[in-house]
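Chemist: Before I ask anything, here is the structure I am working with.
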Amino acid sequence: MALMYGKEKDAEYEIDNTSHPGFCTFFAKLPAKSPETGTVRLFDRGEYYSVHGPDALYIATNVYCTNTVIKYLGPGGRGGLPSVTLSANNAKAFLRDALTAKQLKVEIWVPEAGQGKKATRFRLDKEASPGNLQAVEDMLFTNIDMISAPIVMSIKIASSAGPSAGGKGKMKSVGIAFADTSARELGVAEFVDNDSFSNTESLVIQLAVKEAILPTGTASGTTERDHELNKLKDVLERCGVIATERKPSEFNSKSIRDDLARLLTPNSMPSSSVDATLSIPQLDLAVAPSSLAALTSYLSLLSDPSNHGSFTIRTHDLSQFMRLDASALRALNLVEAPGSVNSSKNTTLFGLLNKCKTAQGSRMLGSWLKQPLVNLHEIRKRQDLVEIFVRDSDTRRTIQDDCLKMMPDLNRICKRFLKKVASLEDVVRVYQAVVKLEDLISSLEGMANDNEEQSKLIEECYLAKLKDFENSLSKFSEMVQQTLDLDELENHRFVIKPDYDESLQILAEKLKGIRDGLDKEHRDAARDTGLDLDKKLHLENSPTHGYCFRVSKNASDWKSVEGNEYIELSTLKSGVFFTTGNLKELSENYQETTEAYARTQRDLVGHVVTISSTYTPVFEEWNTLLAHLDVIITFAHVAVNAPEAYVKPKVVEKGSGSLILKDARHPCLEVQDDINFIPNDVEMIKDKSEFHIITGPNMGGKSTYIRQVGVIALLAQTGSYVPCSEAHIPIFDSILCRVGAGDSQLRGVSTFMAEMLETASILRSATRDSLVIIDELGRGTSTYDGFGLAWAISEHIASQIHAFCLFATHFHELTALDQQIPHVQNLHVVAHVSASDDIRKERDITLLYKVEPGICDQSFGIHVAELANFPEDVVKLAKRKADELEDFNSAAKEDDPTAQFAPEVIEEGTQLIAQILDEWSAARPTDEDVAMTDADDEDDDTESQLAELKKCMDEYKDRLKGNAWVRQMLQSL
């Protein structure tokens, strides 16, 4: 929404002074808003809206960007009630931004019956939230297609007996219900989850949920349940989802069977059963039906008659799609982060790929990116379709520009039909799309003729269905052609043909006669007055007087009129208005006939819209097919028009292949201005080099390298081409990332704690077929603790989970892991350091952004600080302190007599000394012998023990000399 500066016209509406005291009293008694989420209350005052209290301050800051628009109601001047006004259009723009971008809730209040413009009492009329836009959908998207569907879900947790996966904590049975009200679809899912709610997080990401409904604790109010609820809220917050709490009593599934019987379409329920609802499999789940009951209650689905018999229901299976966590969403830049402002849409993967020509295509693209496939057959099917359009660029451009560009958002129009608020314009938009259907079929048929396999695939995916739609909609087209005046569409008038209805025809002819009479009267007046027709004597349809004449206030013009039989009506700035008896009669007849014509037309329009609404099921299927075609063509368009063309990846079954990428690039970075991207190869061989540790300087490209692998894997599993010259990719069941976390002081979570929570989730949910991406783990604590955690986590992933893993780190000691685990491989980003003859002069660093095998054994943090233009004295101090620390560590190593020896030499020496001490101990007198000796003999006993030790040492003399570590130890003693 565009920002406004200064005092805007929208803020100049005045609330009637007489209503101030009464309204202020009423406003003070309103119920408190929920503290969980931000809620803005708007008061509808007819031509404009008003906002009061803290909401007024929010509007002033975020909409007008100035406090000068604030007015104070009631006594006390600035001590009164802060208030701001918004025009209807500006209020709608604010609502759209608040609900879709700022994740706020909205309440719209209207005057109580009989209050009028001076209303002091209001009632709540509409409520909306990011996941529930039903009440305000027509206000927000009248002329704008919805780009993303608002999904709201309901969650209920039931603890189960027994340990969870990994033997840590109890299992949790999670029952989830979700709804897409724009597509009139209900869904359920039920699964066992761990303490981190990893599966729930994946589902939230897959469905792009905007809002989640949770029960407010339990009757017992147990601390354990509150702890669970808080952890679940943390997961939702990471995913940018609003959490709305409802009473536990709403999570009651007693009436859900009857509710579904009223909501579901007849064909979505088995017809063979006597009671169809008894056979709905979703109701057989243990927990999900309770969530479904709470969801239908929250959305008030049954209160809207248009919802009855129009919803479908499905079960969502998590295993059908690749699992992503919230960190992966950020790391791979899939979508715009909430509240962020970017100058280029190419900064996100969705923005880069979204070359869709339809709103439904954009929605499906967003869904595909969050739901990558794991079914190899379906992945290859999409790839083959993309390949067809990559090869035939002419047909691709024709379909994009001449067909898809003309397609409306049929999903939104269908909902208007069902709510009985559709207009003749909606009918015309669908008709115009139907007209383009023939061209679309012709274009696809031309592609299908190229080869047999291509022909079969195009026929199966598109042509067969499109031809069915064309046949089904032929009657619809005929009806529109017979009833609508298509010639008037050029003037943006949507009207019924006069000759369609006899009564309408009679009224149309009468109107024509009246208009002819008006024209004759105009000519007669011009002749009588001697004024030029349409230059000085104007015939106008005044809102006040109806049809009348107008001349300017010029004295000579009015003198030509004055004195005749003309009747003066009024004098305004624009001129003098006058009429005649005959003109007045014609004007009255015109107004009466026009009203009769509008009434008759309105009835006929309602009839046409009602007939059109019967085609809704066909429109919805057609809408889905158009979206699919749009996304496939978009994939082809992006693949061909990239700086370097994308390639079709070879995708293989999970667990059966290795990840090999040639000349891999990051798709978002390579299109940025002034960037010459350096491609890199990636080779991760299962059981040989599946774990990569990447070291190198800051800004050297480590993060880009590991993230681009994740992006490419995700693109491949959506069916897209990928930015490589060659790609061989196994199917991953999940992409899990840990790439940087921020503080969340409001929840008391530090950067390091957030990092540990994300890593814990990875360790619990990663499998052998996962792709794990970790960037700079352990930086939020001390060096030693951080390294210890990084080593332990790396070793666990590499040795226990065996997932594909890319681990970027500055802990150079971590590279020793390849000595312990054979399938760990070290890589480093190359930095060229220029030589210098002057040892006092720091060598320059050049970042080459190439990734090669081996270890980077030094850091370049101070070099990067110099690149950032640090003050020279700060850089010098940093170098001195770094040298001091390096000298201290070197000295410590020199003082350590064991530092120079290999671990196996130390181990051998340790075992040798242990063996000598065991033999010496066995030869020593027992405690009883010592107790029986006299005190005078104690000195003799000590000497004998030392002699026994010397004897043992002599026996192992050669072996002791053969171990360098033992020699060093003995010399130091």
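Starting from 1 in every chain, residues are counted up; chains themselves are A, B, ... following the order of the structure tokens, and ligands are numbered from 1 as listed.
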Quick check for you: according to DSSP on this backbone, which residues of range 52-142 of chain A are classed as alpha helix (DSSP H)? Reply as an NGL selection string.
Modeler: :A and (54-59 or 88-100 or 137-140)
Chemist: Find the residues around Met153 in chain A up to 10 Å (only C-alpha atoms counted), leave out those fewer than 4 positions away in its own chain, and share them as a list in words.
Modeler: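 Result of the neighbour search: Gly131, Ile176, Ala177, Phe178, Ala179, Asp180, Leu186, Gly187, Val188, Val204, Leu207, Val209, Lys210, Glu211, Ala212, Ile213, Leu214, Ala243, Ser291, Leu292, Ala294 and Leu295 of chain A.
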Chemist: Taking C-alpha atoms for each residue, export the selection above as a PDB file, in the first residue's frame.
Modeler:
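Result file part-v3.pdb:
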```pdb
ATOM      1  CA  GLY A 131      -6.779 -17.081   7.473  1.00  0.00           C
ATOM      2  CA  ILE A 176      -5.233 -31.181  12.172  1.00  0.00           C
ATOM      3  CA  ALA A 177      -8.064 -29.759  10.082  1.00  0.00           C
ATOM      4  CA  PHE A 178      -7.601 -27.033   7.476  1.00  0.00           C
ATOM      5  CA  ALA A 179      -9.792 -25.047   5.114  1.00  0.00           C
ATOM      6  CA  ASP A 180      -9.353 -23.115   1.899  1.00  0.00           C
ATOM      7  CA  LEU A 186     -11.714 -28.954   3.799  1.00  0.00           C
ATOM      8  CA  GLY A 187      -8.823 -31.214   4.722  1.00  0.00           C
ATOM      9  CA  VAL A 188      -7.605 -33.270   7.642  1.00  0.00           C
ATOM     10  CA  VAL A 204       2.234 -25.664   8.013  1.00  0.00           C
ATOM     11  CA  LEU A 207      -0.130 -25.703   3.117  1.00  0.00           C
ATOM     12  CA  VAL A 209      -1.068 -21.642   6.529  1.00  0.00           C
ATOM     13  CA  LYS A 210      -1.925 -18.066   7.568  1.00  0.00           C
ATOM     14  CA  GLU A 211      -3.666 -18.739  10.883  1.00  0.00           C
ATOM     15  CA  ALA A 212      -3.915 -21.606  13.381  1.00  0.00           C
ATOM     16  CA  ILE A 213      -6.695 -22.300  15.890  1.00  0.00           C
ATOM     17  CA  LEU A 214      -5.538 -23.784  19.209  1.00  0.00           C
ATOM     18  CA  ALA A 243      -2.125 -18.364  16.678  1.00  0.00           C
ATOM     19  CA  SER A 291     -10.136 -30.073  15.070  1.00  0.00           C
ATOM     20  CA  LEU A 292     -12.578 -30.108  12.156  1.00  0.00           C
ATOM     21  CA  ALA A 294     -13.489 -26.234  15.944  1.00  0.00           C
ATOM     22  CA  LEU A 295     -12.565 -25.047  12.448  1.00  0.00           C
TER      23      LEU A 295
END
```
Chemist: Tell me, which residues of range 670-820 of chain A carry DSSP strand (DSSP E), written as an MDAnalysis selection string?
Modeler: chainID A and resid 680:684 691:695 726:730 734:738 770:775 804:808
Chemist: Any idea what's packed within 10 Å of Val174 in chain A, counting only C-alpha atoms, ignoring anything in its chain fewer than 6 positions away? Could you give it as a list of chain:residue names?
Modeler: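 Here the answer would be A:Ile155, A:Lys156, A:Ile157, A:Ala158, A:Ser159, A:Ser160, A:Ala189, A:Glu190, A:Phe191, A:Val192, A:Asp193, A:Asn194, A:Phe197, A:Asn199, A:Thr200, A:Ala286, A:Val287, A:Ala288, A:Ser291.
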Chemist: Using C-alpha atoms, can you write the selected residues to a file as a CSV table (one decimal), in the first residue's frame?
Modeler:
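Produced file again.csv, reproduced below:
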```csv
chain,number,residue,atom,x,y,z
A,155,ILE,CA,-4.8,-28.2,15.8
A,156,LYS,CA,-5.5,-30.6,18.7
A,157,ILE,CA,-2.8,-32.6,20.5
A,158,ALA,CA,-3.5,-35.9,22.2
A,159,SER,CA,-0.5,-37.5,24.1
A,160,SER,CA,0.0,-41.2,23.5
A,189,ALA,CA,-4.3,-34.8,8.7
A,190,GLU,CA,-3.4,-37.0,11.6
A,191,PHE,CA,0.1,-38.2,12.6
A,192,VAL,CA,2.5,-38.8,15.4
A,193,ASP,CA,4.9,-36.0,16.2
A,194,ASN,CA,8.0,-35.4,18.3
A,197,PHE,CA,6.6,-30.6,16.4
A,199,ASN,CA,5.8,-32.9,11.3
A,200,THR,CA,3.4,-30.1,12.2
A,286,ALA,CA,-9.0,-40.3,16.4
A,287,VAL,CA,-8.2,-36.6,16.9
A,288,ALA,CA,-8.7,-34.8,13.6
A,291,SER,CA,-10.1,-30.1,15.1
```
Chemist: Find the residues around Asn826 in chain A up to 7 Å (only C-alpha atoms counted), leave out those fewer than 3 positions away in its own chain, and share them as a JSON list (two decimals) with N, CA and C atoms, in the first residue's frame.
Modeler:
```
[["chain", "number", "residue", "atom", "x", "y", "z"],
["A", 692, "HIS", "N", 29.82, -33.04, 3.32],
["A", 692, "HIS", "CA", 30.83, -32.07, 2.90],
["A", 692, "HIS", "C", 31.02, -31.01, 3.98],
["A", 693, "ILE", "N", 32.25, -30.78, 4.35],
["A", 693, "ILE", "CA", 32.60, -29.68, 5.25],
["A", 693, "ILE", "C", 33.28, -28.61, 4.41],
["A", 694, "ILE", "N", 32.69, -27.42, 4.40],
["A", 694, "ILE", "CA", 33.20, -26.34, 3.54],
["A", 694, "ILE", "C", 33.78, -25.25, 4.42],
["A", 815, "THR", "N", 37.63, -30.01, 10.27],
["A", 815, "THR", "CA", 38.03, -30.74, 9.06],
["A", 815, "THR", "C", 38.72, -32.06, 9.39],
["A", 853, "PRO", "N", 38.45, -29.15, -3.63],
["A", 853, "PRO", "CA", 38.74, -30.09, -2.52],
["A", 853, "PRO", "C", 39.87, -29.56, -1.64],
["A", 854, "GLY", "N", 39.82, -29.95, -0.36],
["A", 854, "GLY", "CA", 40.88, -29.57, 0.56],
["A", 854, "GLY", "C", 40.39, -28.66, 1.65],
["A", 855, "ILE", "N", 41.36, -28.18, 2.45],
["A", 855, "ILE", "CA", 41.06, -27.42, 3.65],
["A", 855, "ILE", "C", 41.58, -26.00, 3.51]]
```
Chemist: Provide the CA of Leu365 in chain A to CA of Ser310 in chain A distance in Å, to one decimal place.
Modeler: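 About the pair CA of Leu365 in chain A and CA of Ser310 in chain A: they are 25.0 Å apart.
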Chemist: Which residues come within 9 Å of Ala636 in chain A, counting only C-alpha atoms, excluding same-chain residues fewer than 5 positions away, as an MDAnalysis selection string?
Modeler: chainID A and resid 385:391 393 396 631 641 720:721
Chemist: Counting only C-alpha atoms, what is within 12 Å of Gly366 in chain A, bar same-chain residues fewer than 3 positions away, as a ChimeraX atom specification?
Modeler: /A:147-149,205-208,329,334-336,348-356,359-363,369-372,627-628,631,718
Chemist: How many Å lie between CA of Glu683 in chain A and CA of Ser658 in chain A, rounded to one decimal?
Modeler: 7.7 Å
Chemist: For a quick check of understanding, using only C-alpha atoms, which of A:Val830, A:Val709, A:Leu757, A:Met699 has the smallest distance to Phe807 in chain A?
Modeler: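 Comparing A:Val830, A:Val709, A:Leu757, A:Met699 against Phe807 in chain A, the winner is A:Val709.
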Chemist: Do you have the CA of Ser689 in chain A-CA of His796 in chain A distance handy?
Modeler: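 The value is 15.5 Å.
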Chemist: I need the residue nearest Phe732 in chain A from this list: A:Asn589, A:Leu504, A:Phe321, A:Tyr64. Use only C-alpha atoms for the distance.
Modeler: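 Under the stated criterion, the closest residue is A:Phe321.
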Chemist: Of the candidates A:Asn346, A:Ser198, A:Gln800, A:Thr695, which shows the shortest atom-to-atom distance to Asp673 in chain A, using only C-alpha atoms?
Modeler: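 Using only C-alpha atoms, Asp673 in chain A sits closest to A:Asn346.
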Chemist: List every residue of range 595-670 of chain A that has an atom at most 10 Å from any atom of range 463-483 of chain A, giving for each one its closest atom pair and the distance in Å to one decimal, counting only C-alpha atoms, sorted by chain and then by ascending residue number, as CSV.
Modeler:
```
residue,atom,partner,partner_atom,distance
A:Leu604,CA,A:Thr483,CA,8.8
A:Val605,CA,A:Thr483,CA,9.1
A:Val608,CA,A:Thr483,CA,7.9
A:Ile611,CA,A:Phe476,CA,8.4
A:Ser612,CA,A:Phe476,CA,7.0
A:Thr614,CA,A:Phe476,CA,9.7
A:Tyr615,CA,A:Leu473,CA,7.7
A:Val618,CA,A:Phe469,CA,6.8
A:Phe619,CA,A:Phe469,CA,8.4
A:Glu621,CA,A:Phe469,CA,8.7
A:Trp622,CA,A:Phe469,CA,7.0
A:Leu625,CA,A:Lys465,CA,8.3
A:Leu626,CA,A:Leu466,CA,9.4
```
Chemist: Go ahead and dump the residues you just picked, C-alpha atoms, as a PDB file, in the first residue's frame.
Modeler:
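What follows is the written file again-v7.pdb:
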```pdb
ATOM      1  CA  LEU A 604     -33.171 -10.524 -16.959  1.00  0.00           C
ATOM      2  CA  VAL A 605     -29.606 -10.105 -15.655  1.00  0.00           C
ATOM      3  CA  VAL A 608     -28.705 -14.933 -16.935  1.00  0.00           C
ATOM      4  CA  ILE A 611     -28.105 -19.913 -15.479  1.00  0.00           C
ATOM      5  CA  SER A 612     -24.369 -19.131 -15.622  1.00  0.00           C
ATOM      6  CA  THR A 614     -24.998 -23.802 -12.991  1.00  0.00           C
ATOM      7  CA  TYR A 615     -21.717 -24.098 -14.937  1.00  0.00           C
ATOM      8  CA  VAL A 618     -16.982 -26.892 -15.068  1.00  0.00           C
ATOM      9  CA  PHE A 619     -15.433 -23.472 -14.394  1.00  0.00           C
ATOM     10  CA  GLU A 621     -12.121 -27.818 -13.145  1.00  0.00           C
ATOM     11  CA  TRP A 622     -11.128 -25.565 -16.008  1.00  0.00           C
ATOM     12  CA  LEU A 625      -6.214 -27.023 -15.564  1.00  0.00           C
ATOM     13  CA  LEU A 626      -5.383 -23.447 -16.624  1.00  0.00           C
TER      14      LEU A 626
END
```
